[in-house]
Each structure stands twice: as structure tokens, then as C-alpha cells.
>>> print(open('protein03.txt').read())   # compact mmCIF, C-alpha atoms (C1' of nucleotides)
# COMPACT_ATOMS: atom_id res chain seq x y z
CA MET A 1 29.23 115.48 68.53
CA HIS A 2 30.75 118.89 67.91
CA VAL A 3 28.23 120.87 69.93
CA ASP A 4 28.72 118.68 73.00
CA ALA A 5 32.47 119.04 72.69
CA LEU A 6 32.00 122.80 72.61
CA LYS A 7 29.84 122.68 75.73
CA LYS A 8 32.45 120.63 77.52
CA GLU A 9 35.32 122.86 76.42
CA LEU A 10 33.51 126.01 77.54
CA ARG A 11 32.54 124.49 80.88
CA ASP A 12 36.14 123.39 81.49
CA ARG A 13 37.34 126.94 80.89
CA ARG A 14 34.55 128.53 82.94
CA TRP A 15 33.10 130.20 79.88
CA ARG A 16 29.46 130.08 78.92
CA MET A 17 27.47 128.15 76.41
CA THR A 18 24.94 130.33 74.60
CA PRO A 19 22.42 129.70 71.84
CA GLN A 20 24.45 131.97 69.56
CA ARG A 21 27.62 129.98 70.00
CA GLU A 22 25.79 126.74 69.33
CA GLN A 23 24.10 128.13 66.22
CA ILE A 24 27.31 129.52 64.79
CA LEU A 25 29.18 126.26 65.24
CA LYS A 26 26.25 124.43 63.65
CA VAL A 27 26.47 126.60 60.56
CA PHE A 28 29.84 125.06 59.79
CA ILE A 29 28.55 121.55 60.40
CA GLU A 30 25.41 122.05 58.31
CA THR A 31 27.25 123.66 55.40
CA ASN A 32 29.84 120.93 55.47
CA SER A 33 32.50 123.43 56.46
CA GLU A 34 32.34 125.38 53.21
CA HIS A 35 35.03 127.96 53.97
CA LEU A 36 32.54 130.60 55.02
CA GLY A 37 33.50 134.11 56.02
CA ALA A 38 31.90 135.95 58.95
CA GLU A 39 29.51 137.84 56.69
CA GLU A 40 28.32 134.58 55.13
CA VAL A 41 27.76 132.96 58.50
CA TYR A 42 25.70 136.00 59.48
CA ARG A 43 23.59 135.81 56.29
CA TYR A 44 23.10 132.07 56.62
CA LEU A 45 21.60 132.56 60.08
CA LEU A 46 19.51 135.53 58.93
CA ASN A 47 18.01 133.32 56.23
CA LYS A 48 17.06 130.78 58.84
CA ARG A 49 15.47 133.58 60.88
CA ILE A 50 17.98 133.03 63.65
CA ASN A 51 18.93 136.36 65.17
CA VAL A 52 22.59 136.81 65.88
CA SER A 53 24.41 140.09 65.51
CA LYS A 54 27.39 140.46 63.25
CA ALA A 55 29.59 141.44 66.20
CA THR A 56 28.73 138.15 67.88
CA VAL A 57 29.59 136.23 64.74
CA TYR A 58 33.01 137.86 64.66
CA ARG A 59 33.59 137.29 68.36
CA THR A 60 32.42 133.70 68.14
CA VAL A 61 34.49 132.59 65.17
CA ASP A 62 37.52 134.03 66.99
CA LEU A 63 36.56 132.04 70.06
CA LEU A 64 36.07 128.86 68.05
CA VAL A 65 39.51 129.29 66.50
CA GLU A 66 40.94 129.84 69.96
CA LEU A 67 39.30 126.64 71.21
CA GLY A 68 40.51 124.65 68.22
CA PHE A 69 37.14 124.05 66.55
CA LEU A 70 37.80 126.27 63.54
CA ARG A 71 40.82 127.14 61.45
CA ARG A 72 41.19 130.60 59.95
CA LEU A 73 42.03 130.76 56.25
CA GLN A 74 42.89 133.39 53.68
CA PHE A 75 42.54 133.01 49.94
CA ASP A 76 44.03 136.27 48.72
CA GLU A 77 40.75 138.12 49.03
CA GLY A 78 39.91 140.77 51.55
CA VAL A 79 38.23 138.41 54.02
CA TYR A 80 39.00 135.71 56.53
CA ARG A 81 37.34 132.38 55.96
CA TYR A 82 36.89 129.52 58.42
CA GLU A 83 36.67 125.75 58.27
CA LEU A 84 36.08 123.01 60.82
CA VAL A 85 39.28 121.50 62.17
CA ASP A 86 39.51 117.79 61.50
CA LYS A 87 42.77 116.58 62.93
CA GLN A 88 42.33 113.04 61.61
CA ASN A 89 41.89 114.31 58.11
CA LYS A 90 44.37 117.02 57.32
CA HIS A 91 44.01 118.52 53.90
CA SER A 92 45.25 121.22 51.57
CA HIS A 93 43.32 123.47 49.25
CA PHE A 94 43.07 123.71 45.50
CA ILE A 95 41.48 126.89 44.18
CA CYS A 96 40.25 126.77 40.60
CA ASN A 97 41.36 129.79 38.59
CA SER A 98 38.45 129.24 36.25
CA CYS A 99 35.37 128.65 38.44
CA GLY A 100 36.75 129.82 41.79
CA LYS A 101 35.69 126.69 43.66
CA ILE A 102 37.86 125.65 46.58
CA TYR A 103 38.61 121.93 46.70
CA GLU A 104 39.93 120.03 49.69
CA LEU A 105 42.73 117.66 48.85
CA LYS A 106 42.41 114.91 51.42
CA ASN A 107 43.08 111.24 51.98
CA GLU A 108 44.93 109.78 49.01
CA LEU A 109 45.15 113.23 47.44
CA SER A 110 46.58 114.86 50.58
CA PRO A 111 50.14 116.15 50.34
CA GLU A 112 50.76 115.21 53.98
CA PHE A 113 52.62 112.11 53.00
CA VAL A 114 55.16 113.58 50.58
CA MET A 115 55.73 116.50 52.89
CA LYS A 116 57.01 114.26 55.66
CA GLU A 117 60.44 113.81 54.17
CA TYR A 118 60.73 117.51 53.42
CA ILE A 119 59.82 118.46 56.98
CA ASP A 120 62.55 116.11 58.16
CA LEU A 121 64.94 118.13 56.00
CA LEU A 122 63.78 121.36 57.64
CA ASN A 123 64.12 119.82 61.09
CA GLY A 124 67.64 118.77 60.21
CA ASN A 125 68.37 122.42 59.46
CA GLY A 126 67.10 123.76 62.75
CA TYR A 127 63.55 124.69 61.76
CA ILE A 128 60.92 123.21 64.05
CA VAL A 129 57.76 122.89 61.97
CA GLU A 130 54.56 123.21 63.98
CA GLU A 131 52.14 123.49 61.09
CA PHE A 132 52.02 124.07 57.39
CA ASP A 133 49.53 125.19 54.85
CA ILE A 134 49.60 124.58 51.12
CA LYS A 135 47.46 126.22 48.50
CA PHE A 136 47.36 125.21 44.88
CA ARG A 137 45.87 127.22 42.08
CA GLY A 138 45.08 125.99 38.63
CA ILE A 139 42.25 124.39 36.69
CA CYS A 140 40.01 121.91 38.43
CA PRO A 141 38.94 118.59 36.83
CA LYS A 142 35.46 119.90 35.97
CA CYS A 143 36.70 123.02 34.24
CA SER A 144 39.45 121.30 32.30
CA GLU A 145 36.92 118.70 31.16
CA LYS A 146 34.61 121.48 29.99
CA GLN A 147 37.38 123.13 28.02
CA LEU A 148 38.28 119.83 26.46
CA LYS A 149 34.70 119.30 25.25
CA LYS A 150 34.50 122.79 23.85
CA HIS A 151 37.75 122.21 22.04
CA ARG A 152 36.54 118.91 20.58
CA LYS A 153 33.31 120.49 19.33
CA SER A 154 35.11 123.37 17.66
CA LYS A 155 37.10 121.00 15.50
CA MET B 156 68.33 145.38 35.71
CA HIS B 157 64.83 145.45 37.16
CA VAL B 158 64.17 149.12 36.47
CA ASP B 159 65.07 148.75 32.81
CA ALA B 160 62.83 145.73 32.51
CA LEU B 161 60.01 147.81 33.97
CA LYS B 162 60.66 150.59 31.45
CA LYS B 163 60.56 148.12 28.61
CA GLU B 164 57.42 146.39 29.87
CA LEU B 165 55.59 149.70 30.27
CA ARG B 166 56.68 150.94 26.84
CA ASP B 167 55.51 147.70 25.25
CA ARG B 168 52.10 148.14 26.79
CA ARG B 169 51.89 151.84 25.98
CA TRP B 170 51.93 152.77 29.63
CA ARG B 171 54.19 155.38 31.15
CA MET B 172 57.33 155.28 33.18
CA THR B 173 57.29 157.73 36.06
CA PRO B 174 59.71 158.58 38.87
CA GLN B 175 57.20 157.18 41.37
CA ARG B 176 57.05 153.80 39.67
CA GLU B 177 60.82 153.60 39.53
CA GLN B 178 61.20 154.55 43.18
CA ILE B 179 58.62 152.06 44.37
CA LEU B 180 60.19 149.19 42.47
CA LYS B 181 63.58 150.23 43.85
CA VAL B 182 62.31 149.98 47.42
CA PHE B 183 61.90 146.24 46.95
CA ILE B 184 65.33 145.91 45.42
CA GLU B 185 67.03 148.00 48.11
CA THR B 186 65.31 146.24 50.99
CA ASN B 187 66.15 142.87 49.50
CA SER B 188 62.46 142.16 48.96
CA GLU B 189 61.60 142.10 52.66
CA HIS B 190 57.88 141.30 52.34
CA LEU B 191 56.84 144.91 52.74
CA GLY B 192 53.25 146.08 52.85
CA ALA B 193 52.03 149.21 51.09
CA GLU B 194 52.20 151.26 54.28
CA GLU B 195 55.83 150.23 54.80
CA VAL B 196 56.80 151.12 51.26
CA TYR B 197 55.22 154.52 51.81
CA ARG B 198 57.11 155.09 55.07
CA TYR B 199 60.39 153.91 53.58
CA LEU B 200 60.10 156.53 50.86
CA LEU B 201 59.03 159.21 53.33
CA ASN B 202 62.18 158.53 55.34
CA LYS B 203 64.26 159.03 52.25
CA ARG B 204 62.42 162.31 51.62
CA ILE B 205 60.97 160.95 48.41
CA ASN B 206 57.44 162.21 47.99
CA VAL B 207 54.96 159.64 46.80
CA SER B 208 51.38 159.52 47.92
CA LYS B 209 49.92 156.46 49.57
CA ALA B 210 47.36 156.12 46.78
CA THR B 211 50.17 155.91 44.25
CA VAL B 212 51.91 153.24 46.31
CA TYR B 213 48.74 151.15 46.31
CA ARG B 214 48.17 151.69 42.60
CA THR B 215 51.78 150.92 41.78
CA VAL B 216 52.16 147.70 43.72
CA ASP B 217 48.98 146.49 42.00
CA LEU B 218 50.53 147.41 38.67
CA LEU B 219 53.78 145.67 39.51
CA VAL B 220 51.90 142.52 40.42
CA GLU B 221 49.98 142.78 37.17
CA LEU B 222 53.23 143.09 35.22
CA GLY B 223 54.81 140.17 37.04
CA PHE B 224 57.45 142.09 38.99
CA LEU B 225 55.88 141.52 42.40
CA ARG B 226 53.96 138.71 44.07
CA ARG B 227 51.23 139.48 46.57
CA LEU B 228 51.37 137.59 49.87
CA GLN B 229 49.26 137.19 52.97
CA PHE B 230 50.50 136.03 56.33
CA ASP B 231 47.26 135.85 58.28
CA GLU B 232 47.44 139.49 59.27
CA GLY B 233 45.20 142.23 58.01
CA VAL B 234 47.56 143.42 55.27
CA TYR B 235 48.87 142.44 51.89
CA ARG B 236 52.63 142.09 51.57
CA TYR B 237 54.71 141.99 48.42
CA GLU B 238 57.96 140.41 47.29
CA LEU B 239 60.01 140.53 44.12
CA VAL B 240 59.26 137.67 41.76
CA ASP B 241 62.31 135.55 41.06
CA LYS B 242 61.30 132.80 38.71
CA GLN B 243 64.69 131.11 38.77
CA ASN B 244 64.61 130.86 42.52
CA LYS B 245 61.22 129.76 43.71
CA HIS B 246 60.86 129.59 47.46
CA SER B 247 58.42 129.01 50.28
CA HIS B 248 58.04 130.82 53.56
CA PHE B 249 58.71 129.86 57.13
CA ILE B 250 57.20 132.17 59.74
CA CYS B 251 58.65 131.92 63.23
CA ASN B 252 55.94 131.70 65.89
CA SER B 253 58.41 133.07 68.41
CA CYS B 254 60.11 136.07 66.77
CA GLY B 255 57.77 136.60 63.84
CA LYS B 256 60.55 136.69 61.25
CA ILE B 257 59.68 135.42 57.80
CA TYR B 258 62.31 133.15 56.28
CA GLU B 259 62.59 132.22 52.62
CA LEU B 260 63.22 128.54 52.05
CA LYS B 261 65.15 128.45 48.81
CA ASN B 262 67.73 126.42 46.92
CA GLU B 263 68.54 123.22 48.80
CA LEU B 264 65.86 124.07 51.36
CA SER B 265 63.15 124.68 48.77
CA PRO B 266 60.23 122.25 48.76
CA GLU B 267 59.98 122.54 44.96
CA PHE B 268 61.75 119.27 44.46
CA VAL B 269 59.66 117.02 46.72
CA MET B 270 56.49 118.67 45.45
CA LYS B 271 57.11 117.55 41.90
CA GLU B 272 55.94 114.01 42.46
CA TYR B 273 52.89 115.18 44.35
CA ILE B 274 51.93 117.57 41.56
CA ASP B 275 52.17 114.66 39.15
CA LEU B 276 49.65 112.89 41.36
CA LEU B 277 47.29 115.86 41.18
CA ASN B 278 47.73 116.05 37.42
CA GLY B 279 46.89 112.37 37.17
CA ASN B 280 43.62 113.18 38.96
CA GLY B 281 42.59 115.96 36.62
CA TYR B 282 43.89 118.96 38.54
CA ILE B 283 46.08 121.23 36.43
CA VAL B 284 48.41 123.00 38.87
CA GLU B 285 49.47 126.45 37.74
CA GLU B 286 51.07 127.59 40.96
CA PHE B 287 51.34 126.67 44.60
CA ASP B 288 52.24 128.37 47.79
CA ILE B 289 53.42 126.77 51.01
CA LYS B 290 53.72 128.39 54.40
CA PHE B 291 55.31 126.79 57.40
CA ARG B 292 55.00 127.99 60.94
CA GLY B 293 57.11 126.92 63.86
CA ILE B 294 60.30 127.88 65.64
CA CYS B 295 63.21 129.18 63.61
CA PRO B 296 66.82 128.03 64.15
CA LYS B 297 67.75 131.22 66.05
CA CYS B 298 64.86 131.01 68.48
CA SER B 299 65.21 127.31 69.14
CA GLU B 300 68.92 127.87 69.77
CA LYS B 301 68.09 130.62 72.25
CA GLN B 302 65.65 128.41 74.11
CA LEU B 303 68.23 125.66 74.25
CA LYS B 304 70.79 127.99 75.84
CA LYS B 305 68.31 129.26 78.38
CA HIS B 306 67.45 125.70 79.26
CA ARG B 307 71.10 124.75 79.71
CA LYS B 308 71.78 127.73 81.99
CA SER B 309 68.82 126.97 84.21
CA LYS B 310 70.17 123.53 85.01
C1' DG C 311 23.12 138.00 91.93
C1' DT C 312 27.12 138.46 89.28
C1' DA C 313 30.21 137.78 85.87
C1' DC C 314 29.99 137.11 81.28
C1' DA C 315 27.80 137.51 76.50
C1' DT C 316 25.16 140.03 73.23
C1' DG C 317 23.52 143.88 70.28
C1' DC C 318 23.98 148.18 68.46
C1' DA C 319 26.36 151.80 66.65
C1' DA C 320 30.55 153.93 66.30
C1' DA C 321 35.37 153.55 65.35
C1' DA C 322 39.41 151.63 63.36
C1' DG C 323 42.46 149.84 59.81
C1' DC C 324 43.52 148.83 55.23
C1' DT C 325 42.49 149.68 50.49
C1' DT C 326 40.08 151.90 46.63
C1' DT C 327 38.17 155.75 44.13
C1' DG C 328 36.57 160.49 42.21
C1' DC C 329 38.30 164.42 40.63
C1' DA C 330 41.29 168.29 39.81
C1' DT C 331 46.02 168.95 38.59
C1' DC C 332 50.26 167.70 36.68
C1' DT C 333 53.38 164.86 33.51
C1' DT C 334 54.89 161.79 30.06
C1' DC C 335 55.04 160.63 25.41
C1' DG D 336 48.18 168.40 23.01
C1' DA D 337 46.12 164.37 24.69
C1' DA D 338 46.12 160.36 27.25
C1' DG D 339 47.63 158.83 31.31
C1' DA D 340 49.53 159.29 36.26
C1' DT D 341 49.54 161.56 40.67
C1' DG D 342 47.85 163.65 45.03
C1' DC D 343 44.40 164.59 48.12
C1' DA D 344 40.46 163.66 50.52
C1' DA D 345 36.53 161.05 50.77
C1' DA D 346 34.39 156.68 50.56
C1' DG D 347 34.27 151.54 50.95
C1' DC D 348 35.00 147.14 53.17
C1' DT D 349 35.96 144.13 56.68
C1' DT D 350 36.78 143.74 61.42
C1' DT D 351 37.02 145.49 66.24
C1' DT D 352 35.37 147.92 70.26
C1' DG D 353 32.68 150.67 73.97
C1' DC D 354 28.85 150.52 76.44
C1' DA D 355 24.18 149.61 77.89
C1' DT D 356 21.26 145.63 78.23
C1' DG D 357 20.35 140.83 78.63
C1' DT D 358 21.42 136.02 80.21
C1' DA D 359 23.83 131.74 81.84
C1' DC D 360 25.50 129.74 85.76
>>> encode(input="protein03.txt", output="C-alpha cells")
Amino acid sequence: MHVDALKKELRDRRWRMTPQREQILKVFIETNSEHLGAEEVYRYLLNKRINVSKATVYRTVDLLVELGFLRRLQFDEGVYRYELVDKQNKHSHFICNSCGKIYELKNELSPEFVMKEYIDLLNGNGYIVEEFDIKFRGICPKCSEKQLKKHRKSK
Amino acid sequence: MHVDALKKELRDRRWRMTPQREQILKVFIETNSEHLGAEEVYRYLLNKRINVSKATVYRTVDLLVELGFLRRLQFDEGVYRYELVDKQNKHSHFICNSCGKIYELKNELSPEFVMKEYIDLLNGNGYIVEEFDIKFRGICPKCSEKQLKKHRKSK
DNA sequence: GTACATGCAAAAGCTTTGCATCTTC
DNA sequence: GAAGATGCAAAGCTTTTGCATGTAC
């Protein structure tokens, strides 16, 4: 379980497990890793009447990135967002220009597979790729379906 | 030429051409579109003894994005960066984890080609892709070459 | 008991905005 | 001449930091 892994990782590095750290990690598990920003993590805990200061949220998400539990993301807004790292299940993001929802493209919809040959090309040209990040923008299935229905009706 | 296109675009929209707008666009042309942030554009002009206020730089880069002359980028720092849009020559970015340089992967190194089949897959699943953005991180050819030399010497 | 973590408020960094003044059309 | 653009300073946001207090080991 994630929380136990965090305890182990902190112990190994001679850092300390605290209720705040546990609660903040749990927010990402409970929300199904919904690309929350620090402010949202803070509000989520406030709502649950769990007292953690904003400064601690910021310090802790940094720590969790450092330890490999979270990944830091940007979606062309003014804030950093975070998601749980799942090394077995790499994914890319699709942001809907209509409803704003962020989708995770994983498994059979993951671009990992097609990218392999391209990364070989980069390697062949001297670039050593350590990680990559792809973001798509467009219209998601739900929104395009909606528009289609509207269009049909208007005929 | 870019500046003329800007004049035309502004005239068409009943907006005004000003020396500041021309100068700011020219910064990107003169620097070969080096992913500058607003602060850097401001300093570049200061150095050339061209007086433009920071507020105008911010307002103008926004405008130039709006008009399709610039693209706004983020590289996991706290600032927005901008580059000239070149529709004929789409490219992705490679950021070196060692020296920090941002490379543009274009032409035969562009991932555009391999992405085509993947985008077809997304389309087939209801996602309408309007744009995408790929960032790679790793070690650039120069830095990996340097490390190789160091390694050889130390033997 | 001590080193480390937290909370609070203040500061910092980037970006936006209100308003008076100036400029383009 | 009027609508729009600029410059300045102030304000707004998100994120970071200093320091006193609290807590895990």
C-alpha cells in the first residue's frame, strides 16, 4: 500500500513520518489522483476537518515528488498539479478544449508503444531520452457526441 | 515578412500598430525564437536602449499569441516562455537535464510523422485531436559526448 | 532530548490591472 | 477627436521562506 511504502522510504532516508504526510498522500489515493493542485489538496483536507497548513501542503507535495510518489504537471495555467506515479501504467494526457476535463490515455490508448521507434531515432542521433511527456488538446468523446446530437436536432 | 503580417492582421481587426508591438515581435525574430520569457524580452529591449514597459511586454506577448504569431510554452519552471509559430515546421522540444538547453526537434527529427498513426487511433476512439505537444528530457548529444570524453580520459 | 516538521505570517516572483497620459487612425 | 495603447505603480496569485513552537524517533 502507498502509505506503507512512504513510511518505509522515509525511514530509509532517516526522515520522519507524520500525520500530515500520510493525509496528503491519501488525498491523491482517495481522489483517484485527479491532478490536484496544492490549493485543492489544502481545501480537500479542510473539508474533511483535517488541519494541515498550506505551507505543509506545498512542502509535502515537493517531498512526495522527490521521493517518486507524485509527478508534477503543468497544463498551461498558473498552477502546478500533481498525480500519483504509476510506473506500470504510463499514460499521457488529453485536455478537452470544450469541457476542460483532463483524460488519461493509458493501456491500449497509451502512446508509449508508437513512441518507442521514435525514441530509437533520437537515440541514434545522440539524444538520450530519460522521460517524455505528451499533451493532447481537442474535443473529448463526450463533448463531440453532445455536439453531434445538437447538430442532428437542429436539422 | 513577420512585421508586415502583423500590420495586416492588426489592421484587419481594427487594432493598432505601434512601435512597441513591432519591436517585441522583432525580438523573437532576431533571437531566432529562443524560448524567451516576458522578463527576458524586456531586458533584451532595455539592452538595446529601446524603451518598452514590462506591462506592455506582457500585454503584447498575449496579443501575439492571440493573433497566432507566438506560442506559449511551459518548461516546468515558474514562467511562461514564447516561441514564433511556424506552421510549416512543427517541432517538439528536448530539454537537456545536464546543461538545460532546449532543443527543437524538427524536420527529420520531428515526431510528427510517427504520431500520425497514433492520432488516428485516438480519432477512432472519439477523441478529436486539435493539437499536441511533446517534451523530452534527457541528455543532449553535446553533454553525452562530454561525459564520454571524461570517461575515456579517466581510464 | 534533539533533530526534524509544522504553522503562521511575511516575503518573493511572476503576471495582471487601474488609471492618467499619450498615440494611432 | 476618439478609441485604443502605453507606462507606472499597485494589486493579485501562487509558491517559498524565516522563525517560533510542536512532535517523532
>>> residues_around(input="protein03.txt", residues="segment 37-47 of chain A", least_positions_apart="5", cutoff="12 Å", atoms="all atoms listed in the file", output="PyMOL selection string")
(chain A and resi 20-31+52-62+70-75+77-83) or (chain D and resi 348-350)
>>> closest_atom_pairs(input="protein03.txt", of="chain C", to="segment 344-347 of chain D", cutoff="9 Å", atoms="all atoms listed in the file", output="JSON lines")
{"residue": "C:DT325", "atom": "C1'", "partner": "D:DG347", "partner_atom": "C1'", "distance": 8.4}
{"residue": "C:DT326", "atom": "C1'", "partner": "D:DG347", "partner_atom": "C1'", "distance": 7.2}
{"residue": "C:DT327", "atom": "C1'", "partner": "D:DA346", "partner_atom": "C1'", "distance": 7.5}
{"residue": "C:DG328", "atom": "C1'", "partner": "D:DA345", "partner_atom": "C1'", "distance": 8.6}
>>> interface_residues(input="protein03.txt", of="chain C", to="chain A", cutoff="9 Å", atoms="all atoms listed in the file", output="ChimeraX atom specification")
/C:314-318
>>> closest_residue(input="protein03.txt", among="B:Ile289, B:Leu260, B:Asn206, B:Val158", to="chain D", atoms="only C-alpha atoms (C1' of nucleotides)")
B:Asn206
>>> atom_distance(input="protein03.txt", atom1="atom CA of Cys143 of chain A", atom2="atom CA of Leu222 of chain B")
26.0 Å
>>> closest_atom_pairs(input="protein03.txt", of="chain D", to="chain B", cutoff="9 Å", atoms="all atoms listed in the file", output="Markdown table")
| residue | atom | partner | partner_atom | distance |
| --- | --- | --- | --- | --- |
| D:DG339 | C1' | B:Arg171 | CA | 7.4 |
| D:DA340 | C1' | B:Thr173 | CA | 7.9 |
| D:DT341 | C1' | B:Thr211 | CA | 6.7 |
| D:DG342 | C1' | B:Ser208 | CA | 6.2 |
| D:DC343 | C1' | B:Ser208 | CA | 8.6 |
>>> write_last_selection(input="protein03.txt", atoms="C-alpha atoms (C1' of nucleotides)", output="tab-separated table (two decimals), in the coordinates of the input")
chain	number	residue	atom	x	y	z
D	339	DG	C1'	47.63	158.83	31.31
D	340	DA	C1'	49.53	159.29	36.26
D	341	DT	C1'	49.54	161.56	40.67
D	342	DG	C1'	47.85	163.65	45.03
D	343	DC	C1'	44.40	164.59	48.12
>>> interface_residues(input="protein03.txt", of="chain B", to="chain A", cutoff="9 Å", atoms="all atoms listed in the file", output="compact mmCIF listing (two decimals) with C-alpha atoms, keeping the file's coordinate frame")
# COMPACT_ATOMS: atom_id res chain seq x y z
CA ARG B 227 51.23 139.48 46.57
CA LEU B 228 51.37 137.59 49.87
CA GLN B 229 49.26 137.19 52.97
CA PHE B 230 50.50 136.03 56.33
CA ASP B 231 47.26 135.85 58.28
CA GLY B 233 45.20 142.23 58.01
CA VAL B 234 47.56 143.42 55.27
CA TYR B 235 48.87 142.44 51.89
CA PHE B 249 58.71 129.86 57.13
CA CYS B 251 58.65 131.92 63.23
CA ASN B 252 55.94 131.70 65.89
CA LEU B 264 65.86 124.07 51.36
CA SER B 265 63.15 124.68 48.77
CA PRO B 266 60.23 122.25 48.76
CA VAL B 269 59.66 117.02 46.72
CA MET B 270 56.49 118.67 45.45
CA GLU B 272 55.94 114.01 42.46
CA TYR B 273 52.89 115.18 44.35
CA LEU B 276 49.65 112.89 41.36
CA LEU B 277 47.29 115.86 41.18
CA ASN B 280 43.62 113.18 38.96
CA GLY B 281 42.59 115.96 36.62
CA TYR B 282 43.89 118.96 38.54
CA ILE B 283 46.08 121.23 36.43
CA VAL B 284 48.41 123.00 38.87
CA GLU B 285 49.47 126.45 37.74
CA GLU B 286 51.07 127.59 40.96
CA PHE B 287 51.34 126.67 44.60
CA ASP B 288 52.24 128.37 47.79
CA ILE B 289 53.42 126.77 51.01
CA LYS B 290 53.72 128.39 54.40
CA PHE B 291 55.31 126.79 57.40
CA ARG B 292 55.00 127.99 60.94
CA GLY B 293 57.11 126.92 63.86
CA ILE B 294 60.30 127.88 65.64
CA CYS B 295 63.21 129.18 63.61
CA PRO B 296 66.82 128.03 64.15
CA LYS B 297 67.75 131.22 66.05
CA SER B 299 65.21 127.31 69.14
CA GLU B 300 68.92 127.87 69.77
>>> closest_residue(input="protein03.txt", among="A:Phe69, A:Arg152, A:Glu104, A:Gln147", to="Ala5 of chain A", atoms="only C-alpha atoms")
A:Phe69
>>> atom_distance(input="protein03.txt", atom1="atom CA of Leu239 of chain B", atom2="atom CA of Cys99 of chain A")
27.9 Å
>>> atom_distance(input="protein03.txt", atom1="atom CA of His35 of chain A", atom2="atom CA of Arg49 of chain A")
21.5 Å
>>> residues_around(input="protein03.txt", residues="DG336 of chain D", least_positions_apart="2", cutoff="12 Å", atoms="all atoms listed in the file", output="ChimeraX atom specification")
/C:334-335 /D:338
